[in-house]
Amino acid sequence: MSETHEHQPISLHRYANAGLLVGALGTIVTLAGMFGGNKVAWQAYLFGYIVWASLSLGCFGVLLLFHTVNGKWGLPVMRILEAGASKRNFGLLAALFIPFIVSIGRGDGYLYKWSDPAVKATDKVIQFKEPYLNLPFFLIRAALFFLLWMGLTGLLRRSTRKQDETGGMKETDRRSSWAAPGLVAFVLSITFAFTDWVMSLEPHWSSTIYGVWWVVGMALMAFAFVTIIATLNKDKAPYAGIVKPSWTRDMGNLLLTFTMLWGYTSLSQYLIIWSGNLGETISYYVQRSNNHWNAIGMATVLGQFFVPFFALLSPRVKAQSKLLAQICGWILVMRLLDMYYVVMPAMRDLPLPSFWDLVAIVGIGGLWTWAFSGAVKEAPLLPAYDPRLTEVEAHAH
Amino acid sequence: MLKKSGTKTYGVVAEFDSPEELMSAANKAREAGYKQLDAYTPFPVHGLSDAIGFKDEKVPWIVFAGALTGAAGGYLLQYYTAVIDYPINVGGKPLNSLPMFFPVTYEATILFAAFGAVFGMFALNRLPQPYHGVFNTPNFERASQDKFFLAIEAEDEKFDEVETQQFLETMNANNVSLVRETPE
């Protein structure tokens with residue numbers, strides 16, 4: 001773009017301290033509410049946790065996809081994806097997971113009804129599912145998920161850091177052979193994890209496309225997250241000259257694809273349950289039709305599918321980074337609303353958000369930002385010696 | 001433009017060994033002010049359509065119109081069969097069951113969008129076209145094997161048989177030739 005004047009460098013880690021402060025405060029307040037016996041605070045904590053876990057896992061999934069297919073689109077945002085899915089972030093999420101174990105261990109039924117002995121005593125379905133839905137097995141599974149995610153993300157990060165020093169394409173090929181089976185393990189682990197953590201909030205209900213739906217939703221969230229960061233900083237080093245219409249078009253097309261996949265998985269689940277019309281499976285949509293939840297559901301149909309779908313159809317929109325950033329912001333807001341619609345009705349009959357929801361999501365988000373900032377600071381924002389980056393620059397001109 | 005021996009001139013065509021040489025030549029030609037450029041390659045070259053200044057604003061709209069036609073047609077077909085022509089109670093559901101109509105509506109949308117893309121492209125390119133002036137380029141069959149061709153067409157305002165040839169000869173081409181609409 002311009003070689004004559006220096007670009008102001010981007011600093012993604014400038015919010016680290018603010019994140020830590022706000023995060024610690026919000027999380028402590030939420031935990032105080034929870035352990036003071038406030039059920040709404042527990043629900044808010046679970047929702048906040050799922051939102052930020054989705055972002056980390058979405059970054060991880062997109063990173064695995066990138067290392068598998070080696071598309072040039074991923075190079076400018078690889079380091080942001082790595083930071084979102086860093087060992088720090090997964091470590092933080094593992095630590096923040098402890099309250100769920102406490103709740104299940106106490107059998108208070110604040111979140112997971114299947115853990116409440118009083119409910120279990122009279123509920124045949126929960127009794128039947130007990131060999132799977134019990135604390136030790138739940139805990140072992142969660143530990144395995146975190147081990148898998150941290151191990152795999154650590155492996156990929158070591159490889160890209162090594163390549164920064166050695167250069168060459170050997171590490172790229174090595175990563176591809178790890179990331180492809182990694183992607184399979186990732187989708188399986190998400191299916192099991194979100195079945196455990198979210199679907200089991202409604203222990204009578206089940207859906208087989210549920211895991212894929214989460215995978216698609218979190219990937220969409222991660223694509224919007226990294227695209228908004230890159231496009232908003234397109235005039236700063238090192239993005240100047242790299243975030244160009246050819247790149248934003250690629251990202252716009254990926255966002256469009258995942259928007260369509262979101263629509264596809266959401267509709268598939270609804271269509272099958274609706275046409276089957278069986279008592280045990282329709283409970284999910286019955287709960288989400290009552291008490292004005294259906295208004296939120298309809299808002300996600302329009303806002304998470306139709307609006308971004310039509311906005312992202314035009315190649316001219318995708319070539320303008322400012323417009324694309326706005327669409328990404330919209331998608332992120334809709335991801336929040338959609339996750340609210342999926343998670344909350346399992347615990348609440350009324351769609352009204354509470355003060356605790358805000359505190360918990362900002363609190364966990366603050367800690368997340370702090371961990372993310374630490375991981376961003378560790379490495380140059382662009383993979384320094386990846387030979388394809390010069391291709392991206394040439395391609396961008 | 002000059003008209004030698006009574007035949008119309010198609011343009012000047014340069015042959016290159018690699019997509020990079022073609023890209024750089026196309027960029028230079030566009031920067032020099034040529035507008036009627038075309039390129040022929042054995043495989044799609046990323047960014048080439050930008051390099052030759054090719055802008056397509058019609059096909060997407062034809063695709064969009066096709067998609068709307070498909071969506072309306074797919075839905076109305078089901079509405080007509082299930083509600084008007086042969087109403088039948090299935091599981092107590094309403095006759096006009098939008099969720100149930102979605103898959104076919106969706107498929108019809110995609111089908112007609114694809115028709116729009118393929119036939120719109122054919123129509124705008126005036127295909128099928130059994131004969132084209134560029135076929136008279138020497139060695140042109142290699143365009144589907146291993147050579148890369150850049151054409152500056154005679155319709156271009158800036159086109160001049162001598163100057164354009166000289167211009168392309170500065171580009172490291174294997175061969176630059178003046179091509180007529182009909183063989184000489």
# chains A, B, ... in the order shown; residues from 1 in each chain; ligands from 1
call {"tool": "residues_around", "arguments": {"residues": "B:Ala14", "least_positions_apart": "6", "cutoff": "6 Å", "atoms": "only C-alpha atoms", "output": "JSON list (two decimals) with all heavy atoms, in the first residue's frame"}}
result
[["chain", "number", "residue", "atom", "x", "y", "z"],
["B", 149, "PHE", "N", -2.29, -17.16, -22.97],
["B", 149, "PHE", "CA", -2.43, -16.17, -24.03],
["B", 149, "PHE", "C", -3.11, -14.91, -23.53],
["B", 149, "PHE", "O", -4.07, -14.98, -22.75],
["B", 149, "PHE", "CB", -3.25, -16.74, -25.19],
["B", 149, "PHE", "CG", -2.55, -17.85, -25.92],
["B", 149, "PHE", "CD1", -2.58, -19.15, -25.46],
["B", 149, "PHE", "CD2", -1.83, -17.57, -27.09],
["B", 149, "PHE", "CE1", -1.93, -20.17, -26.13],
["B", 149, "PHE", "CE2", -1.18, -18.59, -27.77],
["B", 149, "PHE", "CZ", -1.22, -19.89, -27.29],
["B", 150, "LEU", "N", -2.59, -13.77, -24.00],
["B", 150, "LEU", "CA", -3.22, -12.49, -23.70],
["B", 150, "LEU", "C", -3.59, -11.83, -25.01],
["B", 150, "LEU", "O", -2.74, -11.70, -25.90],
["B", 150, "LEU", "CB", -2.27, -11.59, -22.91],
["B", 150, "LEU", "CG", -2.85, -10.21, -22.59],
["B", 150, "LEU", "CD1", -3.96, -10.32, -21.57],
["B", 150, "LEU", "CD2", -1.76, -9.27, -22.08],
["B", 173, "ALA", "N", 7.10, -12.17, -24.14],
["B", 173, "ALA", "CA", 6.21, -13.18, -24.69],
["B", 173, "ALA", "C", 7.00, -14.10, -25.62],
["B", 173, "ALA", "O", 8.02, -13.71, -26.18],
["B", 173, "ALA", "CB", 5.08, -12.52, -25.46],
["B", 175, "ASN", "N", 5.78, -15.19, -28.34],
["B", 175, "ASN", "CA", 5.36, -14.93, -29.70],
["B", 175, "ASN", "C", 4.21, -13.93, -29.64],
["B", 175, "ASN", "O", 3.30, -14.08, -28.84],
["B", 175, "ASN", "CB", 4.88, -16.27, -30.29],
["B", 175, "ASN", "CG", 4.46, -16.12, -31.72],
["B", 175, "ASN", "OD1", 4.85, -15.16, -32.38],
["B", 175, "ASN", "ND2", 3.63, -17.04, -32.19],
["B", 176, "VAL", "N", 4.29, -12.87, -30.46],
["B", 176, "VAL", "CA", 3.19, -11.92, -30.53],
["B", 176, "VAL", "C", 2.68, -11.91, -31.97],
["B", 176, "VAL", "O", 3.48, -11.79, -32.89],
["B", 176, "VAL", "CB", 3.65, -10.50, -30.14],
["B", 176, "VAL", "CG1", 2.51, -9.50, -30.30],
["B", 176, "VAL", "CG2", 4.17, -10.48, -28.71]]
call {"tool": "select_by_dssp", "arguments": {"residues": "chain B", "states": "alpha helix (DSSP H)", "output": "PyMOL selection string"}}
result
chain B and resi 19-31+48-51+59-79+98-124+161-169
call {"tool": "write_last_selection", "arguments": {"atoms": "C-alpha atoms", "output": "compact mmCIF listing (two decimals), in the first residue's frame"}}
result
# COMPACT_ATOMS: atom_id res chain seq x y z
CA PRO B 19 0.61 -17.56 -15.47
CA GLU B 20 2.90 -15.06 -13.69
CA GLU B 21 4.17 -13.64 -17.00
CA LEU B 22 0.61 -13.44 -18.26
CA MET B 23 -0.56 -11.69 -15.09
CA SER B 24 2.19 -9.12 -15.22
CA ALA B 25 1.57 -8.46 -18.94
CA ALA B 26 -2.16 -8.12 -18.30
CA ASN B 27 -1.55 -5.67 -15.47
CA LYS B 28 0.80 -3.60 -17.63
CA ALA B 29 -1.63 -3.57 -20.53
CA ARG B 30 -4.45 -2.44 -18.27
CA GLU B 31 -2.26 0.23 -16.74
CA LEU B 48 -6.60 -12.81 -13.69
CA SER B 49 -10.11 -11.46 -14.14
CA ASP B 50 -9.13 -8.41 -12.09
CA ALA B 51 -5.89 -8.09 -14.06
CA VAL B 59 -24.54 -12.88 -13.96
CA PRO B 60 -25.09 -12.43 -10.19
CA TRP B 61 -28.39 -10.69 -10.87
CA ILE B 62 -29.48 -13.42 -13.28
CA VAL B 63 -28.59 -15.98 -10.60
CA PHE B 64 -30.58 -13.99 -8.06
CA ALA B 65 -33.60 -13.80 -10.36
CA GLY B 66 -33.26 -17.56 -10.96
CA ALA B 67 -33.18 -18.15 -7.21
CA LEU B 68 -36.33 -16.09 -6.64
CA THR B 69 -38.09 -17.88 -9.48
CA GLY B 70 -37.07 -21.24 -8.03
CA ALA B 71 -38.19 -20.30 -4.52
CA ALA B 72 -41.58 -19.05 -5.71
CA GLY B 73 -42.03 -21.97 -8.14
CA GLY B 74 -41.01 -24.60 -5.59
CA TYR B 75 -43.32 -23.22 -2.96
CA LEU B 76 -46.28 -22.67 -5.26
CA LEU B 77 -45.94 -26.17 -6.71
CA GLN B 78 -46.30 -27.65 -3.23
CA TYR B 79 -49.03 -25.22 -2.26
CA LEU B 98 -44.34 -24.12 5.67
CA PRO B 99 -41.64 -26.16 7.50
CA MET B 100 -42.51 -29.22 5.43
CA PHE B 101 -42.35 -27.20 2.22
CA PHE B 102 -38.94 -25.83 3.03
CA PRO B 103 -36.66 -28.59 1.63
CA VAL B 104 -38.27 -28.64 -1.82
CA THR B 105 -38.47 -24.84 -1.94
CA TYR B 106 -34.80 -24.72 -1.04
CA GLU B 107 -33.81 -27.30 -3.65
CA ALA B 108 -35.77 -25.49 -6.34
CA THR B 109 -34.09 -22.24 -5.34
CA ILE B 110 -30.64 -23.78 -5.76
CA LEU B 111 -31.59 -25.52 -9.01
CA PHE B 112 -32.92 -22.39 -10.67
CA ALA B 113 -30.03 -20.28 -9.33
CA ALA B 114 -27.66 -22.78 -10.96
CA PHE B 115 -29.67 -22.64 -14.20
CA GLY B 116 -29.39 -18.87 -14.03
CA ALA B 117 -25.62 -19.09 -13.57
CA VAL B 118 -25.02 -21.57 -16.39
CA PHE B 119 -27.50 -20.33 -18.99
CA GLY B 120 -26.97 -16.67 -18.05
CA MET B 121 -23.25 -17.12 -18.62
CA PHE B 122 -23.91 -18.89 -21.95
CA ALA B 123 -26.23 -16.16 -23.13
CA LEU B 124 -23.97 -13.27 -22.09
CA GLU B 161 -1.87 -2.85 -35.19
CA VAL B 162 1.74 -1.72 -35.07
CA GLU B 163 1.94 -0.03 -31.68
CA THR B 164 0.00 -2.69 -29.83
CA GLN B 165 2.22 -5.39 -31.27
CA GLN B 166 5.31 -3.43 -30.25
CA PHE B 167 3.85 -2.91 -26.81
CA LEU B 168 3.23 -6.63 -26.26
CA GLU B 169 6.67 -7.51 -27.64
call {"tool": "atom_distance", "arguments": {"atom1": "atom CA of A:Ala319", "atom2": "atom CA of A:Tyr15"}}
result
29.1 Å
call {"tool": "residues_around", "arguments": {"residues": "stretch 130-141 of chain B", "least_positions_apart": "5", "cutoff": "6 Å", "atoms": "only C-alpha atoms", "output": "list in words"}}
result
Tyr10, Val179 and Glu181 of chain B
call {"tool": "write_last_selection", "arguments": {"atoms": "C-alpha atoms", "output": "tab-separated table (two decimals), in the first residue's frame"}}
result
chain	number	residue	atom	x	y	z
B	10	TYR	CA	-9.50	-9.65	-34.20
B	179	VAL	CA	-4.77	-12.12	-35.62
B	181	GLU	CA	-11.16	-12.66	-37.81
call {"tool": "residues_around", "arguments": {"residues": "A:Leu358", "least_positions_apart": "3", "cutoff": "10 Å", "atoms": "only C-alpha atoms", "output": "list of chain:residue names"}}
result
A:Gly26, A:Thr30, A:Ala44, A:Tyr45, A:Gly48, A:Pro353, A:Ser354, A:Phe355, A:Ile361, A:Val362, A:Gly363
call {"tool": "decode", "arguments": {"residues": "stretch 54-81 of chain B", "atoms": "N, CA, C and O atoms", "output": "tab-separated table (two decimals), in the first residue's frame"}}
result
chain	number	residue	atom	x	y	z
B	54	PHE	N	-11.74	-7.29	-16.01
B	54	PHE	CA	-13.03	-7.89	-16.32
B	54	PHE	C	-14.00	-7.65	-15.17
B	54	PHE	O	-13.70	-7.94	-14.02
B	55	LYS	N	-15.14	-7.09	-15.49
B	55	LYS	CA	-16.15	-6.85	-14.46
B	55	LYS	C	-17.44	-7.52	-14.89
B	55	LYS	O	-17.94	-7.25	-15.97
B	56	ASP	N	-17.95	-8.36	-14.03
B	56	ASP	CA	-19.21	-9.01	-14.35
B	56	ASP	C	-20.25	-8.57	-13.33
B	56	ASP	O	-20.15	-8.89	-12.16
B	57	GLU	N	-21.19	-7.80	-13.77
B	57	GLU	CA	-22.24	-7.38	-12.85
B	57	GLU	C	-23.59	-7.95	-13.23
B	57	GLU	O	-24.57	-7.72	-12.55
B	58	LYS	N	-23.62	-8.70	-14.32
B	58	LYS	CA	-24.93	-9.19	-14.78
B	58	LYS	C	-25.24	-10.59	-14.26
B	58	LYS	O	-26.35	-10.84	-13.82
B	59	VAL	N	-24.25	-11.49	-14.33
B	59	VAL	CA	-24.54	-12.88	-13.96
B	59	VAL	C	-25.10	-12.99	-12.53
B	59	VAL	O	-26.10	-13.69	-12.33
B	60	PRO	N	-24.50	-12.30	-11.53
B	60	PRO	CA	-25.09	-12.43	-10.19
B	60	PRO	C	-26.58	-12.08	-10.12
B	60	PRO	O	-27.34	-12.74	-9.41
B	61	TRP	N	-26.97	-11.07	-10.88
B	61	TRP	CA	-28.39	-10.69	-10.87
B	61	TRP	C	-29.26	-11.73	-11.56
B	61	TRP	O	-30.39	-11.97	-11.15
B	62	ILE	N	-28.71	-12.34	-12.62
B	62	ILE	CA	-29.48	-13.42	-13.28
B	62	ILE	C	-29.63	-14.59	-12.32
B	62	ILE	O	-30.70	-15.19	-12.19
B	63	VAL	N	-28.54	-14.90	-11.58
B	63	VAL	CA	-28.59	-15.98	-10.60
B	63	VAL	C	-29.64	-15.66	-9.53
B	63	VAL	O	-30.45	-16.51	-9.15
B	64	PHE	N	-29.63	-14.40	-9.10
B	64	PHE	CA	-30.58	-13.99	-8.06
B	64	PHE	C	-32.02	-14.12	-8.55
B	64	PHE	O	-32.88	-14.65	-7.85
B	65	ALA	N	-32.25	-13.67	-9.79
B	65	ALA	CA	-33.60	-13.80	-10.36
B	65	ALA	C	-33.98	-15.27	-10.47
B	65	ALA	O	-35.12	-15.66	-10.18
B	66	GLY	N	-33.01	-16.12	-10.88
B	66	GLY	CA	-33.26	-17.56	-10.96
B	66	GLY	C	-33.64	-18.12	-9.60
B	66	GLY	O	-34.58	-18.92	-9.46
B	67	ALA	N	-32.91	-17.66	-8.57
B	67	ALA	CA	-33.18	-18.15	-7.21
B	67	ALA	C	-34.59	-17.77	-6.76
B	67	ALA	O	-35.32	-18.59	-6.21
B	68	LEU	N	-34.98	-16.52	-7.04
B	68	LEU	CA	-36.33	-16.09	-6.64
B	68	LEU	C	-37.40	-16.88	-7.40
B	68	LEU	O	-38.40	-17.30	-6.82
B	69	THR	N	-37.15	-17.09	-8.69
B	69	THR	CA	-38.09	-17.88	-9.48
B	69	THR	C	-38.22	-19.28	-8.90
B	69	THR	O	-39.32	-19.81	-8.74
B	70	GLY	N	-37.06	-19.89	-8.58
B	70	GLY	CA	-37.07	-21.24	-8.03
B	70	GLY	C	-37.81	-21.29	-6.70
B	70	GLY	O	-38.61	-22.20	-6.45
B	71	ALA	N	-37.55	-20.30	-5.84
B	71	ALA	CA	-38.19	-20.30	-4.52
B	71	ALA	C	-39.71	-20.18	-4.68
B	71	ALA	O	-40.47	-20.96	-4.09
B	72	ALA	N	-40.13	-19.23	-5.51
B	72	ALA	CA	-41.58	-19.05	-5.71
B	72	ALA	C	-42.18	-20.29	-6.36
B	72	ALA	O	-43.22	-20.80	-5.91
B	73	GLY	N	-41.51	-20.80	-7.41
B	73	GLY	CA	-42.03	-21.97	-8.14
B	73	GLY	C	-42.10	-23.19	-7.23
B	73	GLY	O	-43.12	-23.90	-7.21
B	74	GLY	N	-41.04	-23.42	-6.46
B	74	GLY	CA	-41.01	-24.60	-5.59
B	74	GLY	C	-42.10	-24.54	-4.54
B	74	GLY	O	-42.78	-25.54	-4.27
B	75	TYR	N	-42.29	-23.35	-3.99
B	75	TYR	CA	-43.32	-23.22	-2.96
B	75	TYR	C	-44.72	-23.36	-3.55
B	75	TYR	O	-45.56	-24.10	-3.03
B	76	LEU	N	-44.94	-22.65	-4.67
B	76	LEU	CA	-46.28	-22.67	-5.26
B	76	LEU	C	-46.65	-24.07	-5.75
B	76	LEU	O	-47.81	-24.48	-5.65
B	77	LEU	N	-45.67	-24.80	-6.27
B	77	LEU	CA	-45.94	-26.17	-6.71
B	77	LEU	C	-46.49	-27.00	-5.55
B	77	LEU	O	-47.50	-27.70	-5.68
B	78	GLN	N	-45.85	-26.89	-4.39
B	78	GLN	CA	-46.30	-27.65	-3.23
B	78	GLN	C	-47.62	-27.14	-2.71
B	78	GLN	O	-48.48	-27.91	-2.29
B	79	TYR	N	-47.77	-25.80	-2.73
B	79	TYR	CA	-49.03	-25.22	-2.26
B	79	TYR	C	-50.17	-25.73	-3.13
B	79	TYR	O	-51.21	-26.15	-2.63
B	80	TYR	N	-49.94	-25.72	-4.45
B	80	TYR	CA	-50.99	-26.16	-5.35
B	80	TYR	C	-51.33	-27.63	-5.12
B	80	TYR	O	-52.50	-28.00	-4.98
B	81	THR	N	-50.33	-28.50	-5.03
B	81	THR	CA	-50.62	-29.93	-4.89
B	81	THR	C	-51.22	-30.25	-3.52
B	81	THR	O	-52.16	-31.03	-3.42
